[in-house]
Amino acid sequence: MSIQNEITRIQTARNTLRAKAAELGLTQSTARLDEVAAAFEEMENQGAVSATVQEGDTYTIPKGYHNGSGTVSGVAGGGNYNLQSKSATPTKKMQNITPDGGYYGLSDVTVAAIPDIYQDVSSVTATAGEVLANKVFVTAEGTVTPGTMPNNGTVNKTLDLTAPRYTIPAGYHSGSGVISLTAEEKSVTPTRFSQSVEPDAGKVLSQVTVGAIPAEYVTTTDSTATAADLLTGKTAYVNGEKITGTMPDNGTVDEHFDGLTATSCEVPAGYTSGGTVRLTGDIENALAAI
């Protein structure tokens with residue numbers, strides 16, 4: 001081993017002893033090795049120190065080294081012990097209850113009931129989503145937790161044909177909001193053509209009043225006429241269909257026959273406005289000649 005290594009080893013040992021001596025208050029932290037050795041040499045070895053102390057007495061622990069196996073105990077006989085009765089209220093932090101100065105010890109400690117502001121929260125079932133945002137609650141595990149339920153306040157919405165549906169957002173509602181629609185009533189008269197009755201912009205129909213069929217419209221289901229029953233060019237509605245007449249218009253009838261060679265005359269089918277069917281004078285002349 002080199003001389004330098006030996007010097008280093010001795011310096012390390014010196015520094016260890018110097019630090020411990022300074023910690024025990026025997027020397028300064030800069031003491032030389034011989035000063036440290038002298039200080040430890042002067043330390044008295046007290047061995048196992050034991051003492052018995054009664055009430056009112058004190059015991060001065062001697063300076064020096066103690067091997068840690070000694071004991072100091074108290075015994076009765078010097079008078080009544082001055083004990084203290086104390087009470088404590090439970091808190092969120094652990095408490096050490098000790099006697100005040102002048103008391104030998106504690107005769108009893110009364111622990112008050114848990115204050116009303118502290119509750120057993122083991123039955124809590126609420127979750128963050130079931131508590132309003134910006135509000136806090138205590139979970140069943142005792143953790144203070146902020147709520148996350150959205151506060152939608154008062155929700156109002158007017159429905160119309162362009163927006164006939166409204167999706168209610170998740171969260172809290174104050175209950176004073178209204179989902180409404182603007183209703184209107186309209187009336188219409190039947191016509192020959194179909195009609196589409198629509199609400200005005202931003203409104204919905206609450207009622208449509210359909211008027212009676214106008215007087216000029218009548219049911220034709222009980223009609224029995226045919227085209228042949230109507231004058232040519234005339235029209236009528238029969239059982240919901242329009243028909244055009246085919247009956248000839250013969251105007252005024254003026255027919256005659258002599259009664260001898262012709263005993264009748266033919267009246268054409270169709271309409272006649274009236275007229276005359278007569279005999280000629282031939283039969284009269286024949287009778288006069290007999």
# chains A, B, ... in the order shown; residues from 1 in each chain; ligands from 1
>>> residues_around(residues="Asn239 in chain A", least_positions_apart="6", cutoff="7 Å", atoms="only C-alpha atoms", output="PDB file with C-alpha atoms, in the first residue's frame")
ATOM      1  CA  THR A 220    -126.295  13.953 -59.128  1.00  0.00           C
ATOM      2  CA  THR A 221    -126.291  10.378 -57.928  1.00  0.00           C
ATOM      3  CA  ASP A 222    -130.091  10.068 -58.243  1.00  0.00           C
ATOM      4  CA  SER A 223    -130.263  11.364 -61.856  1.00  0.00           C
TER       5      SER A 223
END
>>> residues_around(residues="Ser73 in chain A", least_positions_apart="6", cutoff="12 Å", atoms="only C-alpha atoms", output="PyMOL selection string")
chain A and resi 49-55+57-59
>>> residues_around(residues="Gly270 in chain A", least_positions_apart="4", cutoff="7 Å", atoms="only C-alpha atoms", output="MDAnalysis selection string")
chainID A and resid 247:250
>>> write_last_selection(atoms="C-alpha atoms", output="PDB file, in the first residue's frame")
ATOM      1  CA  MET A 247    -132.746  14.379 -78.692  1.00  0.00           C
ATOM      2  CA  PRO A 248    -133.643  16.072 -82.044  1.00  0.00           C
ATOM      3  CA  ASP A 249    -135.355  19.436 -81.856  1.00  0.00           C
ATOM      4  CA  ASN A 250    -138.171  19.169 -84.425  1.00  0.00           C
TER       5      ASN A 250
END
>>> residues_around(residues="range 112-117 of chain A", least_positions_apart="5", cutoff="9 Å", atoms="only C-alpha atoms", output="PDB file with N, CA and C atoms, in the first residue's frame")
ATOM      1  N   SER A  87     -60.687  16.499  27.726  1.00  0.00           N
ATOM      2  CA  SER A  87     -61.687  16.107  26.724  1.00  0.00           C
ATOM      3  C   SER A  87     -61.206  16.590  25.356  1.00  0.00           C
ATOM      4  N   ALA A  88     -61.681  15.915  24.321  1.00  0.00           N
ATOM      5  CA  ALA A  88     -61.273  16.276  22.955  1.00  0.00           C
ATOM      6  C   ALA A  88     -62.428  16.015  21.995  1.00  0.00           C
ATOM      7  N   THR A  89     -62.497  16.856  20.981  1.00  0.00           N
ATOM      8  CA  THR A  89     -63.491  16.691  19.923  1.00  0.00           C
ATOM      9  C   THR A  89     -62.799  16.135  18.686  1.00  0.00           C
ATOM     10  N   PRO A  90     -63.338  15.098  18.071  1.00  0.00           N
ATOM     11  CA  PRO A  90     -62.710  14.528  16.886  1.00  0.00           C
ATOM     12  C   PRO A  90     -62.546  15.575  15.773  1.00  0.00           C
ATOM     13  N   THR A  91     -61.432  15.515  15.090  1.00  0.00           N
ATOM     14  CA  THR A  91     -61.164  16.396  13.953  1.00  0.00           C
ATOM     15  C   THR A  91     -60.695  15.558  12.780  1.00  0.00           C
TER      16      THR A  91
END
>>> closest_residue(among="A:Ser187, A:Thr226, A:Ser196, A:Thr261", to="Gly245 in chain A", atoms="only C-alpha atoms")
A:Thr226
>>> closest_residue(among="A:Leu161, A:Ile10, A:Leu279, A:Leu83", to="Tyr103 in chain A", atoms="only C-alpha atoms")
A:Leu83
>>> residues_around(residues="range 168-182 of chain A", least_positions_apart="5", cutoff="12 Å", atoms="only C-alpha atoms", output="number ranges by chain")
A: 128-133, 147-163, 199-206
>>> write_last_selection(atoms="N, CA and C atoms", output="PDB file, in the first residue's frame")
ATOM      1  N   ALA A 128     -70.590  12.296 -10.325  1.00  0.00           N
ATOM      2  CA  ALA A 128     -70.317  13.658 -10.791  1.00  0.00           C
ATOM      3  C   ALA A 128     -71.347  14.103 -11.819  1.00  0.00           C
ATOM      4  N   GLY A 129     -71.785  13.183 -12.696  1.00  0.00           N
ATOM      5  CA  GLY A 129     -72.748  13.537 -13.722  1.00  0.00           C
ATOM      6  C   GLY A 129     -74.141  13.798 -13.190  1.00  0.00           C
ATOM      7  N   GLU A 130     -74.393  13.462 -11.930  1.00  0.00           N
ATOM      8  CA  GLU A 130     -75.713  13.668 -11.328  1.00  0.00           C
ATOM      9  C   GLU A 130     -75.751  14.877 -10.411  1.00  0.00           C
ATOM     10  N   VAL A 131     -74.654  15.646 -10.377  1.00  0.00           N
ATOM     11  CA  VAL A 131     -74.557  16.847  -9.548  1.00  0.00           C
ATOM     12  C   VAL A 131     -74.233  18.021 -10.459  1.00  0.00           C
ATOM     13  N   LEU A 132     -74.900  19.159 -10.228  1.00  0.00           N
ATOM     14  CA  LEU A 132     -74.702  20.334 -11.072  1.00  0.00           C
ATOM     15  C   LEU A 132     -73.238  20.748 -11.148  1.00  0.00           C
ATOM     16  N   ALA A 133     -72.846  21.205 -12.324  1.00  0.00           N
ATOM     17  CA  ALA A 133     -71.493  21.717 -12.498  1.00  0.00           C
ATOM     18  C   ALA A 133     -71.285  22.906 -11.561  1.00  0.00           C
ATOM     19  N   GLY A 147     -69.314  18.506  -9.351  1.00  0.00           N
ATOM     20  CA  GLY A 147     -70.307  17.961 -10.262  1.00  0.00           C
ATOM     21  C   GLY A 147     -70.028  18.374 -11.697  1.00  0.00           C
ATOM     22  N   THR A 148     -70.590  17.634 -12.642  1.00  0.00           N
ATOM     23  CA  THR A 148     -70.385  17.914 -14.062  1.00  0.00           C
ATOM     24  C   THR A 148     -71.690  18.059 -14.831  1.00  0.00           C
ATOM     25  N   MET A 149     -72.841  17.987 -14.142  1.00  0.00           N
ATOM     26  CA  MET A 149     -74.120  18.093 -14.853  1.00  0.00           C
ATOM     27  C   MET A 149     -74.309  19.511 -15.410  1.00  0.00           C
ATOM     28  N   PRO A 150     -74.544  19.662 -16.737  1.00  0.00           N
ATOM     29  CA  PRO A 150     -74.746  21.002 -17.301  1.00  0.00           C
ATOM     30  C   PRO A 150     -75.993  21.667 -16.723  1.00  0.00           C
ATOM     31  N   ASN A 151     -75.893  22.961 -16.490  1.00  0.00           N
ATOM     32  CA  ASN A 151     -77.042  23.738 -16.015  1.00  0.00           C
ATOM     33  C   ASN A 151     -77.610  24.492 -17.205  1.00  0.00           C
ATOM     34  N   ASN A 152     -78.704  23.981 -17.762  1.00  0.00           N
ATOM     35  CA  ASN A 152     -79.297  24.590 -18.951  1.00  0.00           C
ATOM     36  C   ASN A 152     -80.255  25.733 -18.614  1.00  0.00           C
ATOM     37  N   GLY A 153     -80.522  25.943 -17.333  1.00  0.00           N
ATOM     38  CA  GLY A 153     -81.379  27.058 -16.937  1.00  0.00           C
ATOM     39  C   GLY A 153     -82.772  26.948 -17.533  1.00  0.00           C
ATOM     40  N   THR A 154     -83.262  28.064 -18.073  1.00  0.00           N
ATOM     41  CA  THR A 154     -84.593  28.120 -18.673  1.00  0.00           C
ATOM     42  C   THR A 154     -84.474  27.928 -20.176  1.00  0.00           C
ATOM     43  N   VAL A 155     -85.110  26.898 -20.695  1.00  0.00           N
ATOM     44  CA  VAL A 155     -85.044  26.588 -22.117  1.00  0.00           C
ATOM     45  C   VAL A 155     -86.384  26.923 -22.765  1.00  0.00           C
ATOM     46  N   ASN A 156     -86.351  27.794 -23.780  1.00  0.00           N
ATOM     47  CA  ASN A 156     -87.553  28.149 -24.528  1.00  0.00           C
ATOM     48  C   ASN A 156     -87.336  27.828 -26.007  1.00  0.00           C
ATOM     49  N   LYS A 157     -88.384  27.328 -26.655  1.00  0.00           N
ATOM     50  CA  LYS A 157     -88.281  26.990 -28.074  1.00  0.00           C
ATOM     51  C   LYS A 157     -89.655  27.058 -28.707  1.00  0.00           C
ATOM     52  N   THR A 158     -89.719  27.703 -29.891  1.00  0.00           N
ATOM     53  CA  THR A 158     -90.954  27.758 -30.653  1.00  0.00           C
ATOM     54  C   THR A 158     -90.811  26.860 -31.872  1.00  0.00           C
ATOM     55  N   LEU A 159     -91.742  25.924 -32.037  1.00  0.00           N
ATOM     56  CA  LEU A 159     -91.704  24.994 -33.149  1.00  0.00           C
ATOM     57  C   LEU A 159     -92.511  25.526 -34.324  1.00  0.00           C
ATOM     58  N   ASP A 160     -92.078  25.194 -35.525  1.00  0.00           N
ATOM     59  CA  ASP A 160     -92.852  25.490 -36.723  1.00  0.00           C
ATOM     60  C   ASP A 160     -92.551  24.400 -37.748  1.00  0.00           C
ATOM     61  N   LEU A 161     -93.045  24.586 -38.978  1.00  0.00           N
ATOM     62  CA  LEU A 161     -92.866  23.551 -39.979  1.00  0.00           C
ATOM     63  C   LEU A 161     -91.410  23.390 -40.395  1.00  0.00           C
ATOM     64  N   THR A 162     -90.627  24.463 -40.276  1.00  0.00           N
ATOM     65  CA  THR A 162     -89.204  24.353 -40.627  1.00  0.00           C
ATOM     66  C   THR A 162     -88.412  23.690 -39.516  1.00  0.00           C
ATOM     67  N   ALA A 163     -88.910  23.747 -38.294  1.00  0.00           N
ATOM     68  CA  ALA A 163     -88.255  23.094 -37.150  1.00  0.00           C
ATOM     69  C   ALA A 163     -89.336  22.437 -36.302  1.00  0.00           C
ATOM     70  N   PRO A 199    -100.174  26.528 -43.512  1.00  0.00           N
ATOM     71  CA  PRO A 199    -100.080  27.626 -42.543  1.00  0.00           C
ATOM     72  C   PRO A 199     -99.184  28.739 -43.056  1.00  0.00           C
ATOM     73  N   ASP A 200     -99.327  29.900 -42.472  1.00  0.00           N
ATOM     74  CA  ASP A 200     -98.429  31.006 -42.792  1.00  0.00           C
ATOM     75  C   ASP A 200     -97.050  30.713 -42.211  1.00  0.00           C
ATOM     76  N   ALA A 201     -96.062  31.487 -42.631  1.00  0.00           N
ATOM     77  CA  ALA A 201     -94.681  31.270 -42.193  1.00  0.00           C
ATOM     78  C   ALA A 201     -94.579  31.346 -40.665  1.00  0.00           C
ATOM     79  N   GLY A 202     -93.889  30.345 -40.068  1.00  0.00           N
ATOM     80  CA  GLY A 202     -93.673  30.330 -38.623  1.00  0.00           C
ATOM     81  C   GLY A 202     -94.864  29.856 -37.815  1.00  0.00           C
ATOM     82  N   LYS A 203     -95.903  29.329 -38.479  1.00  0.00           N
ATOM     83  CA  LYS A 203     -97.099  28.899 -37.767  1.00  0.00           C
ATOM     84  C   LYS A 203     -97.461  27.473 -38.176  1.00  0.00           C
ATOM     85  N   VAL A 204     -98.345  26.877 -37.392  1.00  0.00           N
ATOM     86  CA  VAL A 204     -98.902  25.580 -37.738  1.00  0.00           C
ATOM     87  C   VAL A 204    -100.414  25.684 -37.657  1.00  0.00           C
ATOM     88  N   LEU A 205    -101.086  24.814 -38.382  1.00  0.00           N
ATOM     89  CA  LEU A 205    -102.543  24.846 -38.402  1.00  0.00           C
ATOM     90  C   LEU A 205    -103.106  24.135 -37.173  1.00  0.00           C
ATOM     91  N   SER A 206    -103.966  24.831 -36.471  1.00  0.00           N
ATOM     92  CA  SER A 206    -104.666  24.197 -35.359  1.00  0.00           C
ATOM     93  C   SER A 206    -106.045  23.730 -35.791  1.00  0.00           C
TER      94      SER A 206
END
>>> atom_distance(atom1="CA of Phe193 in chain A", atom2="CA of Glu216 in chain A")
15.0 Å
>>> residues_around(residues="Glu255 in chain A", least_positions_apart="3", cutoff="7 Å", atoms="only C-alpha atoms", output="list of chain:residue names")
A:Cys265, A:Thr276, A:Val277, A:Arg278
>>> write_last_selection(atoms="C-alpha atoms", output="JSON list (two decimals), in the first residue's frame")
[["chain", "number", "residue", "atom", "x", "y", "z"],
["A", 265, "CYS", "CA", -149.08, 10.65, -90.81],
["A", 276, "THR", "CA", -151.06, 20.76, -86.13],
["A", 277, "VAL", "CA", -151.93, 17.36, -87.59],
["A", 278, "ARG", "CA", -155.00, 17.68, -89.91]]
>>> closest_residue(among="A:Thr145, A:Thr252, A:Gln46, A:Thr27", to="Asn67 in chain A", atoms="only C-alpha atoms")
A:Gln46
>>> select_by_dssp(residues="range 30-258 of chain A", states="strand (DSSP E or B)", output="PyMOL selection string")
chain A and resi 45-47+51-54+65-66+72-75+83-88+105-111+132-133+136-138+144-147+149+151+157-159+172+179-181+183-188+204-210+231+235-238+241-244+247+249+252-257
>>> closest_residue(among="A:Pro164, A:Gly240, A:Gly275, A:Gly64", to="Asp254 in chain A", atoms="only C-alpha atoms")
A:Gly275
>>> residues_around(residues="Thr209 in chain A", least_positions_apart="5", cutoff="8 Å", atoms="only C-alpha atoms", output="compact mmCIF listing (two decimals) with C-alpha atoms, in the first residue's frame")
# COMPACT_ATOMS: atom_id res chain seq x y z
CA GLU A 185 -107.08 28.69 -37.89
CA LYS A 186 -108.01 28.83 -41.55
CA SER A 187 -111.17 28.32 -43.57
CA VAL A 188 -111.72 27.19 -47.16
>>> select_by_dssp(residues="range 43-243 of chain A", states="helix (DSSP H, G or I)", output="list in words")
Ala128, Gly129, Glu130, Ala227, Ala228 and Asp229 of chain A
>>> atom_distance(atom1="CA of Val238 in chain A", atom2="CA of Ala225 in chain A")
6.8 Å
>>> decode(residues="range 249-262 of chain A", atoms="N, CA and C atoms", output="PDB file, in the first residue's frame")
ATOM      1  N   ASP A 249    -134.420  18.332 -82.084  1.00  0.00           N
ATOM      2  CA  ASP A 249    -135.355  19.436 -81.856  1.00  0.00           C
ATOM      3  C   ASP A 249    -136.122  19.648 -83.162  1.00  0.00           C
ATOM      4  N   ASN A 250    -137.367  19.121 -83.186  1.00  0.00           N
ATOM      5  CA  ASN A 250    -138.171  19.169 -84.425  1.00  0.00           C
ATOM      6  C   ASN A 250    -138.958  20.467 -84.594  1.00  0.00           C
ATOM      7  N   GLY A 251    -138.865  21.331 -83.660  1.00  0.00           N
ATOM      8  CA  GLY A 251    -139.570  22.609 -83.800  1.00  0.00           C
ATOM      9  C   GLY A 251    -141.090  22.448 -83.851  1.00  0.00           C
ATOM     10  N   THR A 252    -141.769  23.216 -84.755  1.00  0.00           N
ATOM     11  CA  THR A 252    -143.241  23.177 -84.880  1.00  0.00           C
ATOM     12  C   THR A 252    -143.648  22.107 -85.884  1.00  0.00           C
ATOM     13  N   VAL A 253    -144.638  21.265 -85.526  1.00  0.00           N
ATOM     14  CA  VAL A 253    -145.115  20.178 -86.379  1.00  0.00           C
ATOM     15  C   VAL A 253    -146.344  20.668 -87.171  1.00  0.00           C
ATOM     16  N   ASP A 254    -146.273  20.484 -88.470  1.00  0.00           N
ATOM     17  CA  ASP A 254    -147.435  20.812 -89.312  1.00  0.00           C
ATOM     18  C   ASP A 254    -147.575  19.670 -90.326  1.00  0.00           C
ATOM     19  N   GLU A 255    -148.397  18.682 -89.992  1.00  0.00           N
ATOM     20  CA  GLU A 255    -148.576  17.490 -90.824  1.00  0.00           C
ATOM     21  C   GLU A 255    -150.049  17.356 -91.216  1.00  0.00           C
ATOM     22  N   HIS A 256    -150.305  16.775 -92.405  1.00  0.00           N
ATOM     23  CA  HIS A 256    -151.698  16.535 -92.847  1.00  0.00           C
ATOM     24  C   HIS A 256    -151.758  15.268 -93.709  1.00  0.00           C
ATOM     25  N   PHE A 257    -152.985  14.679 -93.787  1.00  0.00           N
ATOM     26  CA  PHE A 257    -153.213  13.506 -94.650  1.00  0.00           C
ATOM     27  C   PHE A 257    -154.672  13.590 -95.133  1.00  0.00           C
ATOM     28  N   ASP A 258    -154.957  12.858 -96.276  1.00  0.00           N
ATOM     29  CA  ASP A 258    -156.281  13.046 -96.904  1.00  0.00           C
ATOM     30  C   ASP A 258    -157.343  12.101 -96.355  1.00  0.00           C
ATOM     31  N   GLY A 259    -156.953  11.097 -95.662  1.00  0.00           N
ATOM     32  CA  GLY A 259    -157.935  10.180 -95.073  1.00  0.00           C
ATOM     33  C   GLY A 259    -158.423   9.145 -96.045  1.00  0.00           C
ATOM     34  N   LEU A 260    -158.046   9.297 -97.295  1.00  0.00           N
ATOM     35  CA  LEU A 260    -158.470   8.329 -98.287  1.00  0.00           C
ATOM     36  C   LEU A 260    -157.300   7.448 -98.701  1.00  0.00           C
ATOM     37  N   THR A 261    -156.371   8.064 -99.272  1.00  0.00           N
ATOM     38  CA  THR A 261    -155.185   7.313 -99.679  1.00  0.00           C
ATOM     39  C   THR A 261    -154.197   7.204 -98.514  1.00  0.00           C
ATOM     40  N   ALA A 262    -154.238   8.135 -97.631  1.00  0.00           N
ATOM     41  CA  ALA A 262    -153.357   8.115 -96.436  1.00  0.00           C
ATOM     42  C   ALA A 262    -154.225   8.322 -95.218  1.00  0.00           C
TER      43      ALA A 262
END
